[in-house]
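Enquirer: A single structure is presented below for examination.
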Amino acid sequence: MALLSPDGRELLGRLSGEEAGPDRALQLAQELRGRYPPGLVAAALTQQALRTAARAKFSRAEQMLFTRAGLEQASSEVTSAHAAARYPAGALVADLCCGIGGNLIALGAGRRALAVDLDQVSLAFARHNAGVYGAAGQLAAVRADGRDVALAGVDAVFIDPARRAGGQRLAAGRSEPPLGWCLELAGRVPAVGIKAAPGLPRELVPPGWEAEFVAAGRELKEAVLWSPALATARWRATVLPSGDTLAAGPGPAGAPAAAVPVAAPGAFLLDPSPAVTRAGLVEDLARALGAWKIDPAIAFLSADAEHRTPFARTLRVLESAPWHERRFARRLRDLGIGAADIRRRGLAGDVPQIHRRLGLRGPGRATVILTRVSGRPWGLICADLPGPA
Ligand SMILES: C[S@@+](CC[C@H](N)C(=O)[O-])C[C@H]1O[C@@H](n2cnc3c(N)ncnc32)[C@H](O)[C@@H]1O
């Protein structure tokens with residue numbers, strides 16, 4: 001908190017832009033210790049290191065304040081802007097576990113916000129960070145247990161419950177407050193968004209709620225559960241930063257969707273985004289692209305036309321045949337493939353050992369996929385598409 005004092009702010013200003021490695025940090029510590037209290041210098045140097053690390057999440061990291069745990073748990077600027085867009089402009093939104101304000105910076109933009117956290121330092125930093133993003137104009141910050149906060153007059157709630165406590169990660173599926181309590185919020189304020197772990201089991205999503213699985217590029221970042229008042233689908237996969245989104249349900253009462261065919265791979269292999277897989281939308285993606293599955297139980301799709309889509313990585317198939325290690329080794333040598341990224345899906349095998357036994361030689365690169373095609377062990381040699389994906 002001393003960092004928010006005039007001395008603290010001045011010191012942080014001096015360190016701004018420093019990417020202090022250990023030697024430089026030592027030099028700076030020595031230079032500054034005569035002029036500022038040693039504890040403040042240490043805190044400011046730590047803060048500068050956190051700001052540097054935070055650039056991966058926030059474009060204004062250099063002006064923000066972080067705790068280490070707060071930064072690790074914070075939503076990034078891109079994911080928080082996407083989530084906040086569900087909330088109506090002008091609404092009073094309560095962020096019941098605001099941390100250092102990763103979500104608050106977006107929720108508070110163009111809305112009134114009530115920021116709540118158990119931790120006083122996080123709360124103070126959240127307020128400061130909201131100010132950095134011009135989102136502190138209509139902000140009230142309250143140090144409290146989110147469970148004790150009266151919600152009369154609140155239009156909507158966002159909650160990103162803690163998945164660690166006392167520096168320790170909680171067991172998988174556990175959070176503070178627990179998911180069950182968060183879901184019950186919708187009985188008090190209809191419009192609720194709950195950030196959850198991306199591995200959230202789909203059966204925990206109550207009827208009428210939407211589960212949105214969000215990836216940044218190919219990396220799955222989070223799941224957000226939207227209460228019926230904010231839901232616009234049953235399952236949704238969103239890929240940021242473009243915001244492209246694929247959604248399903250609630251299905252029409254009429255005929256069920258057409259079955260997706262299963263057949264051997266064609267000219268292209270599509271590896272769906274983990275957001276699509278987690279949302280259970282692989283078959284919806286196949287229907288949207290006119291693609292087919294290569295096995296009933298495996299999340300690869302194939303097509304004869306080239307598709308460039310944010311929802312899948314598309315590879316050109318150079319070779320597709322039942323898996324036979326020696327034959328594939330020969331074919332890879334014929335193709336001059338010296339570097340291979342080996343992916344295994346639905347087939348047992350020790351990848352580093354297979355890699356060694358393939359004895360790769362040559363200037364080319366490829367992705368080698370070991371999988372199943374209609375139940376048979378299958379191998380594919382694939383190349384990336386040229387140019388931007
Ligand atoms: C996952 S972090 C929130 C991160 C935040 N959404 C962000 O993007 O920066 C969870 C926060 O919940 C707070 N917390 C845990 N239990 C709480 C409770 N019962 N009431 C209020 N805050 C709580 C923790 O102190 C922590 O700051």
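Order determines the names: the first chain of the structure tokens is A, the second B, and so forth; residues in each chain are numbered 1 upward, and ligands are numbered 1 upward as they are shown.
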Distance limit 6 Å, reference ligand 1, atoms considered: only C-alpha atoms and all ligand atoms. Which residues make the cut? Give them as a VMD selection string.

Expert: chain A and resid 73 to 75 96 to 103 116 to 119 144 to 147 160 to 162 176 to 177

Enquirer: Determine, counting only C-alpha atoms, which protein, DNA and RNA residues have an atom within 6 Å of an atom of segment 366-381 of chain A; residues of the same chain fewer than 6 positions away are not included. Present the result as a ChimeraX atom specification.

Expert: /A:294-295,318-323,340-347

Enquirer: Could you write out that same residue set with N, CA and C atoms as a PDB file, in the first residue's frame?

Expert:
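Result went into result_18.pdb, see below:
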```pdb
ATOM      1  N   ILE A 294     -13.057 -38.214 -38.834  1.00  0.00           N
ATOM      2  CA  ILE A 294     -12.267 -39.359 -39.310  1.00  0.00           C
ATOM      3  C   ILE A 294     -12.466 -40.570 -38.389  1.00  0.00           C
ATOM      4  N   ASP A 295     -13.119 -40.339 -37.276  1.00  0.00           N
ATOM      5  CA  ASP A 295     -13.401 -41.422 -36.325  1.00  0.00           C
ATOM      6  C   ASP A 295     -14.548 -40.926 -35.451  1.00  0.00           C
ATOM      7  N   LEU A 318      -0.181 -34.720 -46.470  1.00  0.00           N
ATOM      8  CA  LEU A 318       0.789 -35.196 -47.463  1.00  0.00           C
ATOM      9  C   LEU A 318       0.734 -36.714 -47.594  1.00  0.00           C
ATOM     10  N   GLU A 319       0.386 -37.358 -46.502  1.00  0.00           N
ATOM     11  CA  GLU A 319       0.346 -38.823 -46.475  1.00  0.00           C
ATOM     12  C   GLU A 319      -0.703 -39.241 -45.462  1.00  0.00           C
ATOM     13  N   SER A 320      -1.492 -40.225 -45.791  1.00  0.00           N
ATOM     14  CA  SER A 320      -2.519 -40.699 -44.866  1.00  0.00           C
ATOM     15  C   SER A 320      -2.653 -42.197 -45.083  1.00  0.00           C
ATOM     16  N   ALA A 321      -2.338 -42.984 -44.058  1.00  0.00           N
ATOM     17  CA  ALA A 321      -2.356 -44.444 -44.227  1.00  0.00           C
ATOM     18  C   ALA A 321      -2.427 -45.103 -42.861  1.00  0.00           C
ATOM     19  N   PRO A 322      -2.833 -46.389 -42.833  1.00  0.00           N
ATOM     20  CA  PRO A 322      -2.782 -47.095 -41.551  1.00  0.00           C
ATOM     21  C   PRO A 322      -1.378 -46.968 -40.962  1.00  0.00           C
ATOM     22  N   TRP A 323      -1.313 -46.793 -39.649  1.00  0.00           N
ATOM     23  CA  TRP A 323      -0.004 -46.523 -39.009  1.00  0.00           C
ATOM     24  C   TRP A 323       0.879 -47.762 -39.065  1.00  0.00           C
ATOM     25  N   ALA A 340      10.025 -33.135 -37.079  1.00  0.00           N
ATOM     26  CA  ALA A 340       8.590 -33.460 -37.041  1.00  0.00           C
ATOM     27  C   ALA A 340       8.026 -33.177 -35.663  1.00  0.00           C
ATOM     28  N   ASP A 341       6.836 -32.589 -35.685  1.00  0.00           N
ATOM     29  CA  ASP A 341       6.085 -32.390 -34.462  1.00  0.00           C
ATOM     30  C   ASP A 341       5.112 -33.570 -34.416  1.00  0.00           C
ATOM     31  N   ILE A 342       5.334 -34.481 -33.480  1.00  0.00           N
ATOM     32  CA  ILE A 342       4.495 -35.688 -33.460  1.00  0.00           C
ATOM     33  C   ILE A 342       3.350 -35.493 -32.478  1.00  0.00           C
ATOM     34  N   ARG A 343       2.127 -35.665 -32.966  1.00  0.00           N
ATOM     35  CA  ARG A 343       0.924 -35.525 -32.108  1.00  0.00           C
ATOM     36  C   ARG A 343       0.224 -36.874 -32.049  1.00  0.00           C
ATOM     37  N   ARG A 344      -0.217 -37.226 -30.864  1.00  0.00           N
ATOM     38  CA  ARG A 344      -0.892 -38.498 -30.671  1.00  0.00           C
ATOM     39  C   ARG A 344      -2.293 -38.196 -30.162  1.00  0.00           C
ATOM     40  N   ARG A 345      -3.288 -38.755 -30.789  1.00  0.00           N
ATOM     41  CA  ARG A 345      -4.651 -38.565 -30.270  1.00  0.00           C
ATOM     42  C   ARG A 345      -5.430 -39.867 -30.471  1.00  0.00           C
ATOM     43  N   GLY A 346      -5.729 -40.523 -29.364  1.00  0.00           N
ATOM     44  CA  GLY A 346      -6.526 -41.748 -29.424  1.00  0.00           C
ATOM     45  C   GLY A 346      -5.703 -42.975 -29.727  1.00  0.00           C
ATOM     46  N   LEU A 347      -4.387 -42.873 -29.644  1.00  0.00           N
ATOM     47  CA  LEU A 347      -3.506 -44.008 -29.933  1.00  0.00           C
ATOM     48  C   LEU A 347      -2.398 -44.002 -28.895  1.00  0.00           C
TER      49      LEU A 347
END
```

Enquirer: Identify all residues of segment 249-351 of chain A in helix (DSSP H, G or I) (DSSP on the backbone) and supply them as a VMD selection string.

Expert: chain A and resid 274 to 278 282 to 289 325 to 334 351

Enquirer: Write the selection just made, keeping N, CA and C atoms, as a PDB file, in the first residue's frame?

Expert:
```pdb
ATOM      1  N   PRO A 274      -9.319 -25.826 -28.869  1.00  0.00           N
ATOM      2  CA  PRO A 274      -9.780 -26.441 -27.615  1.00  0.00           C
ATOM      3  C   PRO A 274     -11.082 -25.820 -27.104  1.00  0.00           C
ATOM      4  N   ALA A 275     -11.359 -24.576 -27.479  1.00  0.00           N
ATOM      5  CA  ALA A 275     -12.637 -23.964 -27.061  1.00  0.00           C
ATOM      6  C   ALA A 275     -13.801 -24.717 -27.724  1.00  0.00           C
ATOM      7  N   VAL A 276     -13.615 -25.110 -28.982  1.00  0.00           N
ATOM      8  CA  VAL A 276     -14.667 -25.838 -29.712  1.00  0.00           C
ATOM      9  C   VAL A 276     -14.847 -27.232 -29.094  1.00  0.00           C
ATOM     10  N   THR A 277     -13.725 -27.876 -28.791  1.00  0.00           N
ATOM     11  CA  THR A 277     -13.786 -29.227 -28.235  1.00  0.00           C
ATOM     12  C   THR A 277     -14.472 -29.194 -26.876  1.00  0.00           C
ATOM     13  N   ARG A 278     -14.047 -28.264 -25.994  1.00  0.00           N
ATOM     14  CA  ARG A 278     -14.617 -28.202 -24.647  1.00  0.00           C
ATOM     15  C   ARG A 278     -16.106 -27.841 -24.705  1.00  0.00           C
ATOM     16  N   VAL A 282     -17.659 -29.807 -31.872  1.00  0.00           N
ATOM     17  CA  VAL A 282     -16.862 -30.317 -32.997  1.00  0.00           C
ATOM     18  C   VAL A 282     -17.786 -30.670 -34.172  1.00  0.00           C
ATOM     19  N   GLU A 283     -18.904 -31.307 -33.884  1.00  0.00           N
ATOM     20  CA  GLU A 283     -19.805 -31.695 -34.984  1.00  0.00           C
ATOM     21  C   GLU A 283     -20.489 -30.467 -35.594  1.00  0.00           C
ATOM     22  N   ASP A 284     -20.772 -29.467 -34.774  1.00  0.00           N
ATOM     23  CA  ASP A 284     -21.356 -28.218 -35.311  1.00  0.00           C
ATOM     24  C   ASP A 284     -20.369 -27.556 -36.263  1.00  0.00           C
ATOM     25  N   LEU A 285     -19.073 -27.601 -35.871  1.00  0.00           N
ATOM     26  CA  LEU A 285     -18.051 -27.019 -36.753  1.00  0.00           C
ATOM     27  C   LEU A 285     -17.986 -27.810 -38.066  1.00  0.00           C
ATOM     28  N   ALA A 286     -18.060 -29.141 -37.952  1.00  0.00           N
ATOM     29  CA  ALA A 286     -18.032 -29.975 -39.163  1.00  0.00           C
ATOM     30  C   ALA A 286     -19.184 -29.598 -40.098  1.00  0.00           C
ATOM     31  N   ARG A 287     -20.367 -29.448 -39.531  1.00  0.00           N
ATOM     32  CA  ARG A 287     -21.534 -29.094 -40.368  1.00  0.00           C
ATOM     33  C   ARG A 287     -21.351 -27.718 -40.989  1.00  0.00           C
ATOM     34  N   ALA A 288     -20.805 -26.782 -40.196  1.00  0.00           N
ATOM     35  CA  ALA A 288     -20.639 -25.416 -40.725  1.00  0.00           C
ATOM     36  C   ALA A 288     -19.644 -25.393 -41.879  1.00  0.00           C
ATOM     37  N   LEU A 289     -18.645 -26.286 -41.845  1.00  0.00           N
ATOM     38  CA  LEU A 289     -17.592 -26.253 -42.870  1.00  0.00           C
ATOM     39  C   LEU A 289     -17.827 -27.282 -43.982  1.00  0.00           C
ATOM     40  N   GLU A 325       5.012 -48.072 -38.437  1.00  0.00           N
ATOM     41  CA  GLU A 325       6.115 -47.168 -38.100  1.00  0.00           C
ATOM     42  C   GLU A 325       7.227 -47.174 -39.157  1.00  0.00           C
ATOM     43  N   ARG A 326       7.620 -48.400 -39.594  1.00  0.00           N
ATOM     44  CA  ARG A 326       8.763 -48.422 -40.533  1.00  0.00           C
ATOM     45  C   ARG A 326       8.397 -47.797 -41.883  1.00  0.00           C
ATOM     46  N   ARG A 327       7.152 -48.053 -42.298  1.00  0.00           N
ATOM     47  CA  ARG A 327       6.737 -47.458 -43.591  1.00  0.00           C
ATOM     48  C   ARG A 327       6.692 -45.918 -43.484  1.00  0.00           C
ATOM     49  N   PHE A 328       6.223 -45.422 -42.347  1.00  0.00           N
ATOM     50  CA  PHE A 328       6.186 -43.962 -42.169  1.00  0.00           C
ATOM     51  C   PHE A 328       7.600 -43.394 -42.091  1.00  0.00           C
ATOM     52  N   ALA A 329       8.519 -44.136 -41.440  1.00  0.00           N
ATOM     53  CA  ALA A 329       9.910 -43.664 -41.351  1.00  0.00           C
ATOM     54  C   ALA A 329      10.485 -43.508 -42.765  1.00  0.00           C
ATOM     55  N   ARG A 330      10.217 -44.514 -43.619  1.00  0.00           N
ATOM     56  CA  ARG A 330      10.732 -44.472 -45.004  1.00  0.00           C
ATOM     57  C   ARG A 330      10.130 -43.278 -45.751  1.00  0.00           C
ATOM     58  N   ARG A 331       8.819 -43.122 -45.607  1.00  0.00           N
ATOM     59  CA  ARG A 331       8.123 -42.045 -46.341  1.00  0.00           C
ATOM     60  C   ARG A 331       8.633 -40.670 -45.885  1.00  0.00           C
ATOM     61  N   LEU A 332       8.870 -40.526 -44.585  1.00  0.00           N
ATOM     62  CA  LEU A 332       9.370 -39.235 -44.066  1.00  0.00           C
ATOM     63  C   LEU A 332      10.766 -38.954 -44.625  1.00  0.00           C
ATOM     64  N   ARG A 333      11.564 -40.020 -44.734  1.00  0.00           N
ATOM     65  CA  ARG A 333      12.916 -39.813 -45.308  1.00  0.00           C
ATOM     66  C   ARG A 333      12.796 -39.430 -46.781  1.00  0.00           C
ATOM     67  N   ASP A 334      11.882 -40.113 -47.523  1.00  0.00           N
ATOM     68  CA  ASP A 334      11.677 -39.770 -48.947  1.00  0.00           C
ATOM     69  C   ASP A 334      11.261 -38.305 -49.089  1.00  0.00           C
ATOM     70  N   VAL A 351       5.869 -40.896 -27.486  1.00  0.00           N
ATOM     71  CA  VAL A 351       6.231 -39.982 -28.578  1.00  0.00           C
ATOM     72  C   VAL A 351       7.748 -39.789 -28.709  1.00  0.00           C
TER      73      VAL A 351
END
```

Enquirer: Could you check the closest approach to Leu40 of chain A for each of A:Leu4, A:Glu19, A:Thr67, A:Glu210 and tell me which residue wins, using only C-alpha atoms?

Expert: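 Among A:Leu4, A:Glu19, A:Thr67, A:Glu210, it is A:Leu4 that comes nearest to Leu40 of chain A.
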
Enquirer: Between A:Ala44, A:Leu123, A:Val260, A:Val157, single out the one closest to Leu225 of chain A, counting only C-alpha atoms.

Expert: A:Val157

Enquirer: At a cut-off of 12 Å, using only C-alpha atoms, what residues contact Arg35 of chain A? Leave out same-chain residues fewer than 6 positions from it and give the result as a list in words.

Expert: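 Answer for this query is Asp7, Gly8, Glu10, Leu11, Leu28, Ala29 and Val41 of chain A.
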
Enquirer: Looking only at the backbone, which of the residues in segment 110-224 of chain A does DSSP tag as strand (DSSP E or B), as a PyMOL selection string?

Expert: chain A and resi 112-117+139-143+156-159+162+164-165+168-169+176+191-196+210-216+219-224

Enquirer: Could you turn the residues from that selection into a file that holds C-alpha atoms, as a compact mmCIF listing (two decimals), in the first residue's frame?

Expert:
```
# COMPACT_ATOMS: atom_id res chain seq x y z
CA ARG A 112 -21.40 1.83 -12.60
CA ALA A 113 -19.41 -0.74 -10.68
CA LEU A 114 -19.29 -2.13 -7.16
CA ALA A 115 -15.91 -3.77 -6.56
CA VAL A 116 -15.68 -6.26 -3.69
CA ASP A 117 -12.76 -8.32 -2.43
CA LEU A 139 -16.86 2.96 -8.83
CA ALA A 140 -17.50 1.98 -5.23
CA ALA A 141 -14.96 -0.38 -3.64
CA VAL A 142 -15.83 -2.43 -0.57
CA ARG A 143 -13.62 -4.75 1.41
CA ALA A 156 -25.94 -7.53 -12.61
CA VAL A 157 -23.14 -9.55 -11.02
CA PHE A 158 -19.80 -10.82 -12.24
CA ILE A 159 -17.82 -13.22 -10.09
CA ALA A 162 -10.62 -17.68 -6.15
CA ARG A 164 -6.30 -20.62 -4.68
CA ALA A 165 -6.16 -19.73 -1.01
CA GLN A 168 -2.02 -22.75 -2.47
CA ARG A 169 -4.01 -23.89 -5.48
CA GLU A 176 -13.93 -19.70 -2.98
CA ALA A 191 -27.99 -11.27 -14.68
CA VAL A 192 -24.93 -13.22 -13.50
CA GLY A 193 -21.62 -14.15 -15.15
CA ILE A 194 -19.29 -16.62 -13.41
CA LYS A 195 -15.74 -17.14 -14.56
CA ALA A 196 -14.79 -20.79 -14.13
CA GLU A 210 -24.81 -20.79 -21.18
CA ALA A 211 -21.24 -22.07 -20.93
CA GLU A 212 -18.84 -20.03 -23.05
CA PHE A 213 -15.36 -21.50 -23.56
CA VAL A 214 -12.89 -18.79 -24.49
CA ALA A 215 -9.55 -19.29 -26.25
CA ALA A 216 -6.94 -16.69 -27.06
CA GLU A 219 -4.85 -21.43 -26.00
CA LEU A 220 -7.94 -22.20 -23.92
CA LYS A 221 -8.22 -19.44 -21.30
CA GLU A 222 -11.46 -19.68 -19.40
CA ALA A 223 -15.06 -20.76 -19.22
CA VAL A 224 -17.74 -18.25 -18.34
```

Enquirer: Could you tell me how far atom CA of Asn129 of chain A sits from atom CA of Arg111 of chain A, in Å to one decimal place?

Expert: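 Interatomic distance here is 15.6 Å.
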
Enquirer: For Gly290 of chain A, work out the shell of residues within 10 Å, counting only C-alpha atoms and skipping chain neighbours fewer than 6 positions away, then give it as a VMD selection string.

Expert: chain A and resid 260 to 261 284 301 to 305 307

Enquirer: Just to confirm, what's the straight-line distance from atom CA of Ala49 of chain A to atom CA of Ile105 of chain A in Å (one decimal)?

Expert: 21.1 Å

Enquirer: Ala89 of chain A: which residues within 12 Å, counting only C-alpha atoms, same-chain residues fewer than 3 positions away excluded, as a PyMOL selection string?

Expert: chain A and resi 84-86+92-93+106-113+155-156

Enquirer: Got a sec: who's within 8 Å of Thr314 of chain A, counting only C-alpha atoms, leaving out chain neighbours fewer than 4 positions off, as a PyMOL selection string?

Expert: chain A and resi 268-271+306-309+384-385

Enquirer: Measure the distance from atom CA of Ala94 of chain A to atom CA of Val149 of chain A in Å and round it to one decimal.

Expert: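 Separating atom CA of Ala94 of chain A from atom CA of Val149 of chain A is a distance of 9.5 Å.
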
Enquirer: Considering only C-alpha atoms, state which residue in the set A:Cys382, A:Arg188, A:Pro250, A:Ala172 is at the smallest distance from Pro265 of chain A.

Expert: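 The answer is A:Cys382, which sits nearest to Pro265 of chain A.
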